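Structure file protein_24.cif with mmCIF, C-alpha atoms, pLDDT in the B column; chains and numbers go by the auth columns:
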```
data_input
loop_
_atom_site.group_PDB
_atom_site.id
_atom_site.type_symbol
_atom_site.label_atom_id
_atom_site.label_comp_id
_atom_site.label_asym_id
_atom_site.label_seq_id
_atom_site.Cartn_x
_atom_site.Cartn_y
_atom_site.Cartn_z
_atom_site.B_iso_or_equiv
_atom_site.auth_seq_id
_atom_site.auth_asym_id
ATOM 1 C CA MET A 1 -25.919 6.805 42.556 34.00 203 A
ATOM 2 C CA GLY A 2 -25.727 6.650 38.807 36.00 204 A
ATOM 3 C CA GLU A 3 -26.956 3.705 36.746 35.00 205 A
ATOM 4 C CA GLY A 4 -24.910 0.720 37.851 37.00 206 A
ATOM 5 C CA GLY A 5 -22.061 2.959 38.907 38.00 207 A
ATOM 6 C CA LEU A 6 -20.853 5.794 40.992 41.00 208 A
ATOM 7 C CA SER A 7 -21.605 9.216 39.691 38.00 209 A
ATOM 8 C CA ARG A 8 -21.262 12.732 40.887 39.00 210 A
ATOM 9 C CA ARG A 9 -23.979 15.302 40.322 38.00 211 A
ATOM 10 C CA LEU A 10 -22.473 18.400 38.752 38.00 212 A
ATOM 11 C CA PRO A 11 -23.910 21.926 39.147 44.00 213 A
ATOM 12 C CA SER A 12 -25.446 21.735 35.665 45.00 214 A
ATOM 13 C CA GLY A 13 -27.446 18.634 36.701 45.00 215 A
ATOM 14 C CA SER A 14 -25.455 16.293 34.469 42.00 216 A
ATOM 15 C CA THR A 15 -23.501 13.379 35.879 46.00 217 A
ATOM 16 C CA LYS A 16 -19.852 12.501 35.432 48.00 218 A
ATOM 17 C CA MET A 17 -18.437 9.051 35.982 52.00 219 A
ATOM 18 C CA ILE A 18 -15.966 8.775 38.845 59.00 220 A
ATOM 19 C CA ASP A 19 -12.427 7.669 38.018 78.00 221 A
ATOM 20 C CA GLN A 20 -11.143 4.136 38.614 83.00 222 A
ATOM 21 C CA LEU A 21 -9.296 5.101 41.782 86.00 223 A
ATOM 22 C CA GLU A 22 -12.540 6.273 43.397 86.00 224 A
ATOM 23 C CA ILE A 23 -14.254 3.069 42.276 85.00 225 A
ATOM 24 C CA ALA A 24 -11.471 1.049 43.900 86.00 226 A
ATOM 25 C CA ARG A 25 -11.798 3.041 47.151 87.00 227 A
ATOM 26 C CA HIS A 26 -15.584 2.570 47.123 83.00 228 A
ATOM 27 C CA PHE A 27 -15.291 -1.226 46.894 84.00 229 A
ATOM 28 C CA ASP A 28 -12.360 -1.349 49.328 87.00 230 A
ATOM 29 C CA ARG A 29 -14.706 0.228 51.909 86.00 231 A
ATOM 30 C CA ARG A 30 -17.491 -2.281 51.134 81.00 232 A
ATOM 31 C CA ALA A 31 -15.270 -5.378 50.970 81.00 233 A
ATOM 32 C CA ALA A 32 -15.576 -6.398 54.629 76.00 234 A
ATOM 33 C CA SER A 33 -19.369 -6.769 54.496 73.00 235 A
ATOM 34 C CA TYR A 34 -19.692 -7.787 50.850 68.00 236 A
ATOM 35 C CA ALA A 35 -19.341 -11.558 51.342 62.00 237 A
ATOM 36 C CA GLU A 36 -21.814 -11.742 54.200 61.00 238 A
ATOM 37 C CA LYS A 37 -24.338 -9.872 52.078 58.00 239 A
ATOM 38 C CA TYR A 38 -24.083 -12.149 49.044 55.00 240 A
ATOM 39 C CA ASN A 39 -23.516 -15.439 50.843 54.00 241 A
ATOM 40 C CA ALA A 40 -26.571 -15.019 53.057 52.00 242 A
ATOM 41 C CA LEU A 41 -29.128 -17.783 52.743 46.00 243 A
ATOM 42 C CA GLU A 42 -31.987 -15.376 53.263 47.00 244 A
ATOM 43 C CA MET A 43 -32.105 -12.292 51.090 50.00 245 A
ATOM 44 C CA ARG A 44 -32.566 -9.022 52.917 57.00 246 A
ATOM 45 C CA HIS A 45 -34.076 -7.348 49.884 59.00 247 A
ATOM 46 C CA LEU A 46 -34.891 -8.011 46.248 59.00 248 A
ATOM 47 C CA TYR A 47 -31.752 -6.384 44.866 60.00 249 A
ATOM 48 C CA GLU A 48 -29.602 -9.052 46.528 68.00 250 A
ATOM 49 C CA PHE A 49 -31.822 -11.724 44.993 71.00 251 A
ATOM 50 C CA GLU A 50 -31.428 -10.095 41.575 73.00 252 A
ATOM 51 C CA LYS A 51 -27.601 -10.174 41.860 77.00 253 A
ATOM 52 C CA LEU A 52 -27.567 -13.817 42.954 80.00 254 A
ATOM 53 C CA GLN A 53 -29.928 -14.741 40.119 83.00 255 A
ATOM 54 C CA ARG A 54 -27.576 -13.067 37.637 85.00 256 A
ATOM 55 C CA LEU A 55 -24.676 -15.066 39.120 89.00 257 A
ATOM 56 C CA GLU A 56 -26.621 -18.340 38.783 92.00 258 A
ATOM 57 C CA TRP A 57 -27.553 -17.648 35.162 92.00 259 A
ATOM 58 C CA THR A 58 -23.935 -16.851 34.356 94.00 260 A
ATOM 59 C CA LEU A 59 -22.774 -20.088 36.001 95.00 261 A
ATOM 60 C CA GLN A 60 -25.279 -22.042 33.893 95.00 262 A
ATOM 61 C CA TRP A 61 -23.963 -20.410 30.695 94.00 263 A
ATOM 62 C CA LEU A 62 -20.364 -21.089 31.740 96.00 264 A
ATOM 63 C CA GLU A 63 -21.185 -24.728 32.441 95.00 265 A
ATOM 64 C CA SER A 64 -22.807 -25.154 29.043 95.00 266 A
ATOM 65 C CA PHE A 65 -19.727 -23.656 27.391 96.00 267 A
ATOM 66 C CA ALA A 66 -17.314 -25.764 29.470 96.00 268 A
ATOM 67 C CA ALA A 67 -19.254 -28.926 28.621 95.00 269 A
ATOM 68 C CA GLN A 68 -18.242 -28.425 24.978 95.00 270 A
ATOM 69 C CA HIS A 69 -14.800 -26.883 25.695 95.00 271 A
ATOM 70 C CA PRO A 70 -13.236 -28.878 28.565 89.00 272 A
ATOM 71 C CA ALA A 71 -10.170 -26.716 29.294 94.00 273 A
ATOM 72 C CA THR A 72 -12.036 -23.404 29.429 96.00 274 A
ATOM 73 C CA ARG A 73 -9.996 -20.328 30.369 98.00 275 A
ATOM 74 C CA LEU A 74 -12.144 -17.733 32.130 98.00 276 A
ATOM 75 C CA LEU A 75 -11.405 -14.039 32.680 98.00 277 A
ATOM 76 C CA ASP A 76 -13.746 -12.360 35.203 98.00 278 A
ATOM 77 C CA VAL A 77 -13.406 -8.567 35.008 98.00 279 A
ATOM 78 C CA GLY A 78 -14.569 -6.839 38.175 96.00 280 A
ATOM 79 C CA CYS A 79 -14.546 -10.179 39.988 96.00 281 A
ATOM 80 C CA GLY A 80 -15.187 -8.673 43.408 93.00 282 A
ATOM 81 C CA GLN A 81 -14.613 -11.342 46.029 93.00 283 A
ATOM 82 C CA GLY A 82 -14.453 -14.098 43.445 96.00 284 A
ATOM 83 C CA GLN A 83 -17.885 -15.694 43.887 93.00 285 A
ATOM 84 C CA LEU A 84 -18.245 -16.546 40.195 96.00 286 A
ATOM 85 C CA ILE A 85 -14.769 -18.053 39.855 97.00 287 A
ATOM 86 C CA ARG A 86 -14.984 -19.940 43.128 96.00 288 A
ATOM 87 C CA ARG A 87 -18.310 -21.532 42.234 94.00 289 A
ATOM 88 C CA PHE A 88 -17.316 -22.204 38.613 96.00 290 A
ATOM 89 C CA LEU A 89 -14.092 -23.994 39.550 96.00 291 A
ATOM 90 C CA LYS A 90 -15.929 -26.127 42.124 94.00 292 A
ATOM 91 C CA ARG A 91 -18.090 -27.489 39.308 90.00 293 A
ATOM 92 C CA GLN A 92 -15.373 -27.803 36.633 93.00 294 A
ATOM 93 C CA THR A 93 -12.178 -29.826 36.953 89.00 295 A
ATOM 94 C CA ASP A 94 -10.149 -28.834 33.870 93.00 296 A
ATOM 95 C CA CYS A 95 -10.788 -25.091 33.799 96.00 297 A
ATOM 96 C CA GLN A 96 -8.633 -22.113 34.797 97.00 298 A
ATOM 97 C CA ALA A 97 -9.628 -18.595 35.766 98.00 299 A
ATOM 98 C CA LEU A 98 -8.186 -15.130 36.225 98.00 300 A
ATOM 99 C CA GLY A 99 -10.138 -12.674 38.356 98.00 301 A
ATOM 100 C CA ILE A 100 -9.285 -8.995 38.183 98.00 302 A
ATOM 101 C CA ASP A 101 -10.656 -6.073 40.158 97.00 303 A
ATOM 102 C CA LEU A 102 -9.618 -2.525 40.958 96.00 304 A
ATOM 103 C CA SER A 103 -10.193 -3.108 44.677 96.00 305 A
ATOM 104 C CA THR A 104 -7.268 -4.545 46.617 96.00 306 A
ATOM 105 C CA ALA A 105 -9.544 -5.509 49.513 96.00 307 A
ATOM 106 C CA MET A 106 -11.859 -7.462 47.202 96.00 308 A
ATOM 107 C CA ILE A 107 -8.937 -9.371 45.645 97.00 309 A
ATOM 108 C CA GLN A 108 -7.467 -10.117 49.082 97.00 310 A
ATOM 109 C CA HIS A 109 -10.786 -11.607 50.141 95.00 311 A
ATOM 110 C CA ALA A 110 -11.001 -13.650 46.921 96.00 312 A
ATOM 111 C CA GLN A 111 -7.510 -15.043 47.524 96.00 313 A
ATOM 112 C CA LYS A 112 -8.408 -15.974 51.081 95.00 314 A
ATOM 113 C CA GLU A 113 -11.678 -17.674 50.121 93.00 315 A
ATOM 114 C CA CYS A 114 -10.454 -19.457 46.990 94.00 316 A
ATOM 115 C CA ARG A 115 -7.192 -21.306 47.371 91.00 317 A
ATOM 116 C CA ASP A 116 -7.731 -23.316 44.188 95.00 318 A
ATOM 117 C CA LEU A 117 -4.474 -23.299 42.241 96.00 319 A
ATOM 118 C CA ARG A 118 -6.400 -22.942 38.977 97.00 320 A
ATOM 119 C CA ALA A 119 -7.539 -19.475 40.080 98.00 321 A
ATOM 120 C CA ARG A 120 -5.313 -16.426 39.788 98.00 322 A
ATOM 121 C CA TRP A 121 -6.162 -12.994 41.163 98.00 323 A
ATOM 122 C CA GLN A 122 -4.865 -9.585 40.146 98.00 324 A
ATOM 123 C CA VAL A 123 -5.524 -5.973 41.103 97.00 325 A
ATOM 124 C CA CYS A 124 -5.570 -4.111 37.791 97.00 326 A
ATOM 125 C CA PRO A 125 -7.841 -2.506 35.211 96.00 327 A
ATOM 126 C CA ALA A 126 -8.989 -4.610 32.259 96.00 328 A
ATOM 127 C CA SER A 127 -6.684 -2.643 29.950 96.00 329 A
ATOM 128 C CA GLU A 128 -3.648 -4.272 31.631 96.00 330 A
ATOM 129 C CA VAL A 129 -4.728 -7.852 30.887 97.00 331 A
ATOM 130 C CA SER A 130 -3.232 -9.464 27.822 95.00 332 A
ATOM 131 C CA GLY A 131 -3.945 -12.721 26.067 96.00 333 A
ATOM 132 C CA ALA A 132 -7.134 -14.393 24.932 98.00 334 A
ATOM 133 C CA TYR A 133 -9.686 -16.233 27.054 98.00 335 A
ATOM 134 C CA ASP A 134 -12.406 -18.686 26.103 98.00 336 A
ATOM 135 C CA VAL A 135 -14.931 -16.805 28.208 98.00 337 A
ATOM 136 C CA VAL A 136 -14.756 -13.227 29.462 98.00 338 A
ATOM 137 C CA THR A 137 -17.344 -12.199 32.049 97.00 339 A
ATOM 138 C CA SER A 138 -18.077 -8.808 33.569 96.00 340 A
ATOM 139 C CA LEU A 139 -21.178 -8.622 35.727 92.00 341 A
ATOM 140 C CA GLY A 140 -22.438 -5.172 36.666 86.00 342 A
ATOM 141 C CA VAL A 141 -19.137 -3.447 35.798 90.00 343 A
ATOM 142 C CA VAL A 142 -19.929 -1.702 32.511 90.00 344 A
ATOM 143 C CA GLY A 143 -21.990 0.985 34.261 84.00 345 A
ATOM 144 C CA TYR A 144 -18.932 2.102 36.230 84.00 346 A
ATOM 145 C CA GLN A 145 -16.932 2.892 33.094 88.00 347 A
ATOM 146 C CA GLU A 146 -16.569 6.391 31.762 87.00 348 A
ATOM 147 C CA ASP A 147 -16.382 5.130 28.149 90.00 349 A
ATOM 148 C CA GLN A 148 -18.652 2.094 28.245 90.00 350 A
ATOM 149 C CA LEU A 149 -18.418 1.269 24.545 93.00 351 A
ATOM 150 C CA GLU A 150 -14.621 1.306 24.652 96.00 352 A
ATOM 151 C CA PHE A 151 -14.698 -0.940 27.731 95.00 353 A
ATOM 152 C CA VAL A 152 -16.911 -3.482 25.944 95.00 354 A
ATOM 153 C CA ARG A 153 -14.599 -3.380 22.903 97.00 355 A
ATOM 154 C CA LEU A 154 -11.599 -3.961 25.164 97.00 356 A
ATOM 155 C CA LEU A 155 -13.275 -7.026 26.700 98.00 357 A
ATOM 156 C CA ALA A 156 -14.325 -8.329 23.291 97.00 358 A
ATOM 157 C CA ASP A 157 -10.670 -8.145 22.198 98.00 359 A
ATOM 158 C CA ARG A 158 -9.791 -10.548 25.049 98.00 360 A
ATOM 159 C CA VAL A 159 -12.179 -13.255 23.768 98.00 361 A
ATOM 160 C CA ALA A 160 -10.524 -16.124 21.881 97.00 362 A
ATOM 161 C CA PRO A 161 -12.041 -17.174 18.529 97.00 363 A
ATOM 162 C CA GLY A 162 -15.202 -19.160 19.197 96.00 364 A
ATOM 163 C CA GLY A 163 -15.331 -17.849 22.776 97.00 365 A
ATOM 164 C CA TRP A 164 -18.038 -16.001 24.673 97.00 366 A
ATOM 165 C CA LEU A 165 -18.351 -12.539 26.154 97.00 367 A
ATOM 166 C CA VAL A 166 -20.871 -12.476 29.023 96.00 368 A
ATOM 167 C CA LEU A 167 -21.852 -9.017 30.282 93.00 369 A
ATOM 168 C CA SER A 168 -24.602 -7.703 32.487 87.00 370 A
ATOM 169 C CA PHE A 169 -25.806 -4.136 32.384 79.00 371 A
ATOM 170 C CA GLY A 170 -27.874 -2.155 34.842 69.00 372 A
ATOM 171 C CA ASN A 171 -31.520 -1.939 33.849 61.00 373 A
ATOM 172 C CA ARG A 172 -32.979 1.484 34.616 59.00 374 A
ATOM 173 C CA ARG A 173 -36.500 0.132 34.101 57.00 375 A
ATOM 174 C CA SER A 174 -36.029 -2.823 36.459 56.00 376 A
ATOM 175 C CA LEU A 175 -38.879 -3.167 38.935 56.00 377 A
ATOM 176 C CA LEU A 176 -36.361 -4.261 41.575 53.00 378 A
ATOM 177 C CA ARG A 177 -34.240 -1.153 40.950 57.00 379 A
ATOM 178 C CA LYS A 178 -37.282 1.120 41.231 58.00 380 A
ATOM 179 C CA ALA A 179 -38.372 -0.584 44.465 62.00 381 A
ATOM 180 C CA ARG A 180 -34.871 -0.184 45.938 57.00 382 A
ATOM 181 C CA GLN A 181 -34.698 3.481 44.943 63.00 383 A
ATOM 182 C CA SER A 182 -38.147 4.107 46.434 64.00 384 A
ATOM 183 C CA ALA A 183 -37.156 2.435 49.701 61.00 385 A
ATOM 184 C CA GLN A 184 -33.983 4.519 49.903 62.00 386 A
ATOM 185 C CA SER A 185 -35.832 7.785 49.315 64.00 387 A
ATOM 186 C CA VAL A 186 -38.343 6.929 52.063 61.00 388 A
ATOM 187 C CA ARG A 187 -35.554 6.378 54.644 55.00 389 A
#
```
Structure re-expressed in structure tokens:
Amino acid sequence: MGEGGLSRRLPSGSTKMIDQLEIARHFDRRAASYAEKYNALEMRHLYEFEKLQRLEWTLQWLESFAAQHPATRLLDVGCGQGQLIRRFLKRQTDCQALGIDLSTAMIQHAQKECRDLRARWQVCPASEVSGAYDVVTSLGVVGYQEDQLEFVRLLADRVAPGGWLVLSFGNRRSLLRKARQSAQSVR
């Protein structure tokens, strides 16, 4: 696995990012067990705790923004099964959200779990989304992009004036990441 994304080891030892279709297939395969993993009350390992903590921090930032901007429009890029949008809309009454993902299975699950009419779901890459949003989030998605800087620029272009861009990046030096990698190599 590459940093925060799927990578393929090439004969020269370098890595090459996998295309968006392979990313979609990867998450389509994981979709069935994804919700159970992240909705569990008891964490099976520290990496799951780290992801939930990141989600909670993002929700706190979104709430602080929405407190000052009541009709917040949220775009969640790489929304997965819609956990962020679902939880955000439960706490906010005047907000709207669009969740996009490359995985059809993830979007289908999001639609099933979140029937809130203020939420819209779409299978597409970020480059196909138009318009401006008060807040654009993308948690753990940047590492999957072949041109990460261009991806961040694309997301920044979707932020309305005075809005926020909330991103999370993989941390190669993370103690939790090192522990997970060590556990996997022992198995």
Closest contacts (region 326-361 of chain A/region 291-314 of chain A, max 10 Å, only C-alpha atoms) as a tab-separated table:
```
residue	atom	partner	partner_atom	distance
A:Cys326	CA	A:Leu304	CA	5.4
A:Pro327	CA	A:Leu304	CA	6.0
A:Ala328	CA	A:Ile302	CA	7.4
A:Glu330	CA	A:Ile302	CA	9.8
A:Val331	CA	A:Ile302	CA	8.7
A:Tyr335	CA	A:Ala299	CA	9.0
A:Val337	CA	A:Ala299	CA	9.4
A:Val338	CA	A:Leu300	CA	9.6
A:Thr339	CA	A:Gly301	CA	9.6
A:Ser340	CA	A:Ile302	CA	9.9
A:Val343	CA	A:Asp303	CA	9.9
```
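Using all atoms listed in the file, the smallest distance between any of A:Leu286, A:Ala269, A:Ala334, A:Leu276 and Cys316 (chain A) comes from A:Leu286.
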Length of the CA of Lys253 (chain A) to CA of Phe371 (chain A) vector [Å]:
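Pair CA of Lys253 (chain A) / CA of Phe371 (chain A) returns 11.4 Å.
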Å distance separating CA of Arg275 (chain A) from CA of Leu341 (chain A), one decimal place:
17.1 Å
Under the rule that all atoms listed in the file are counted, which of A:Leu367, A:Gly345, A:Phe353, A:Gly280 is the nearest residue to Ala226 (chain A)?
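Between A:Leu367, A:Gly345, A:Phe353, A:Gly280, the residue approaching Ala226 (chain A) most closely is A:Gly280.
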